[in-house]
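Engineer: Please see the structure below; I have some questions.
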Amino acid sequence: MVKLTKRIGGLVLRLAAFGAALAALIVMITSRERASFFAVSLEAKYTDMAAFKYFVIANAVVSVYSFLVLFLPKESLLWKFVVVLDLVMTMLLTSSLSAALAVAQVGKKGNANAGWLPICGQVPKFCDQITGALIAGFVALVLYVLLLLYSLHSVVDPFLLQKS
């Protein structure tokens, strides 16, 4: 009964992490807004910034990985490798989220020293969607940290019991 509860707990965590990463991916991909100022037209989209592209690619990789691991049998010897891949995915989410947050901060507040003006006043829907994607990405990151701890416990605990 305890093994079944642990398996369901891991499955729920993986499913939630998959959902959060997929939500971050979809919200970021659909972020686009067009604004006009007098005779000048501006279209803001995620592909304009390399950090946002990296965020999309990282969440796509994490989503595919999360989906594939859902179908890995519990008896498989690959679970020790899954712990390593969980760590890699956690680091990938961390780096992509921090890069996207830095660019979003400049978009929202600007940078007076560099002469960059904030754009969120002109394209608020775009900025709101970026904020939503970053929140979903943060939720995915937190779930992956929990998943990493769970995976470490699941793989290391039986290993330690065999040694005693």
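Every chain in the structure tokens has a letter given in the order shown (A, B, ...), and although residue numbers restart at 1 in each chain, ligands are simply numbered from 1 in the order shown.
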Give me, as a tab-separated table, the closest atom pair and its distance (Å, one decimal) for every residue of range 115-158 of chain A within a cut-off of 12 Å of range 43-55 of chain A, counting only C-alpha atoms, rows sorted by chain and rising number.

Structural biologist:
```
residue	atom	partner	partner_atom	distance
A:Ile119	CA	A:Ala44	CA	9.1
A:Cys120	CA	A:Ala44	CA	9.9
A:Gln122	CA	A:Ala44	CA	9.6
A:Val123	CA	A:Ala44	CA	7.2
A:Pro124	CA	A:Ala44	CA	10.1
A:Lys125	CA	A:Ala44	CA	9.8
A:Phe126	CA	A:Ala44	CA	6.9
A:Cys127	CA	A:Ala44	CA	9.1
A:Gln129	CA	A:Tyr46	CA	10.0
A:Ile130	CA	A:Tyr46	CA	8.2
A:Thr131	CA	A:Phe52	CA	11.6
A:Ala133	CA	A:Phe55	CA	9.4
A:Leu134	CA	A:Phe55	CA	9.0
A:Ala136	CA	A:Phe55	CA	11.5
A:Gly137	CA	A:Phe55	CA	8.6
A:Phe138	CA	A:Phe55	CA	11.4
```

Engineer: Residues of the last selection are to be written out with N, CA and C atoms, as a short mmCIF file (atom, residue, chain, number, x, y, z; two decimals), in the first residue's frame.

Structural biologist:
```
data_model
loop_
_atom_site.label_atom_id
_atom_site.label_comp_id
_atom_site.auth_asym_id
_atom_site.auth_seq_id
_atom_site.Cartn_x
_atom_site.Cartn_y
_atom_site.Cartn_z
N ILE A 119 8.32 49.24 -22.13
CA ILE A 119 7.34 49.08 -23.21
C ILE A 119 5.98 48.62 -22.72
N CYS A 120 5.89 48.25 -21.45
CA CYS A 120 4.62 47.69 -20.96
C CYS A 120 3.47 48.70 -20.96
N GLN A 122 2.83 50.61 -23.47
CA GLN A 122 2.32 50.61 -24.84
C GLN A 122 1.68 49.28 -25.23
N VAL A 123 2.18 48.17 -24.66
CA VAL A 123 1.65 46.85 -25.00
C VAL A 123 1.32 46.07 -23.71
N PRO A 124 0.30 46.50 -22.98
CA PRO A 124 0.01 45.88 -21.68
C PRO A 124 -0.45 44.43 -21.78
N LYS A 125 -1.19 44.08 -22.83
CA LYS A 125 -1.65 42.69 -22.96
C LYS A 125 -0.46 41.75 -23.14
N PHE A 126 0.49 42.18 -23.94
CA PHE A 126 1.71 41.39 -24.15
C PHE A 126 2.44 41.19 -22.82
N CYS A 127 2.60 42.25 -22.05
CA CYS A 127 3.29 42.15 -20.77
C CYS A 127 2.53 41.27 -19.77
N GLN A 129 0.63 38.72 -20.57
CA GLN A 129 0.82 37.34 -20.99
C GLN A 129 2.22 36.85 -20.62
N ILE A 130 3.21 37.69 -20.77
CA ILE A 130 4.57 37.32 -20.38
C ILE A 130 4.61 37.05 -18.88
N THR A 131 3.94 37.89 -18.10
CA THR A 131 3.89 37.69 -16.66
C THR A 131 3.23 36.35 -16.33
N ALA A 133 3.10 33.67 -18.24
CA ALA A 133 4.02 32.60 -18.63
C ALA A 133 5.13 32.43 -17.60
N LEU A 134 5.64 33.55 -17.08
CA LEU A 134 6.70 33.48 -16.08
C LEU A 134 6.19 32.89 -14.77
N ALA A 136 3.70 30.67 -14.52
CA ALA A 136 3.57 29.23 -14.79
C ALA A 136 4.95 28.57 -14.81
N GLY A 137 5.94 29.26 -15.36
CA GLY A 137 7.30 28.72 -15.36
C GLY A 137 7.86 28.59 -13.96
N PHE A 138 7.55 29.55 -13.09
CA PHE A 138 8.00 29.47 -11.70
C PHE A 138 7.33 28.31 -10.98
#
```

Engineer: So which one's closest to Ile26 in chain A, A:Ile135, A:Val88, A:Ala60, A:Ala140? Using only C-alpha atoms, please.

Structural biologist: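 Using only C-alpha atoms, Ile26 in chain A sits closest to A:Ala60.
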
Engineer: Check chain A with DSSP on the backbone and list each residue it calls strand (DSSP E or B), as a VMD selection string.

Structural biologist: chain A and resid 32 to 37 40 to 45 111 116

Engineer: Pick out the residues sitting within 12 Å of Glu75 in chain A, and hand them over as a ChimeraX atom specification; count only C-alpha atoms, and ignore anything fewer than 5 positions along from it in its own chain.

Structural biologist: /A:7,80,155

Engineer: Of the candidates A:Met28, A:Val82, A:Leu147, A:Leu68, which one gets nearest to Ala104 in chain A if we count only C-alpha atoms?

Structural biologist: A:Met28

Engineer: Tell me, which residues of range 4-149 of chain A carry DSSP helix (DSSP H, G or I), written as number ranges by chain?

Structural biologist: A: 4-29, 46-48, 50-69, 79-109, 124-149

Engineer: Distance CA of Tyr144 in chain A-CA of Gln105 in chain A, one decimal place?

Structural biologist: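 CA of Gln105 in chain A lies at a distance of 23.9 Å from CA of Tyr144 in chain A.
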
Engineer: For range 83-87 of chain A, work out the shell of residues within 7 Å, counting only C-alpha atoms and skipping chain neighbours fewer than 4 positions away, then give it as a PyMOL selection string.

Structural biologist: chain A and resi 79+91+148+151-152

Engineer: Enter the distance from CA of Ser98 in chain A to CA of Gly110 in chain A, in Å, rounded to one decimal.

Structural biologist: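 Computed distance, CA of Ser98 in chain A to CA of Gly110 in chain A, equals 16.9 Å.
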
Engineer: Select, from A:Ser36, A:Ser154, A:Thr94, A:Thr30, the residue with the minimum atom-to-atom distance to Gly132 in chain A, counting only C-alpha atoms.

Structural biologist: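 Of the candidates, the smallest distance to Gly132 in chain A is held by A:Thr30.
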
Engineer: When you draw a straight line from CA of Ala114 in chain A to CA of Arg34 in chain A, how long is it in Å?

Structural biologist: 24.6 Å
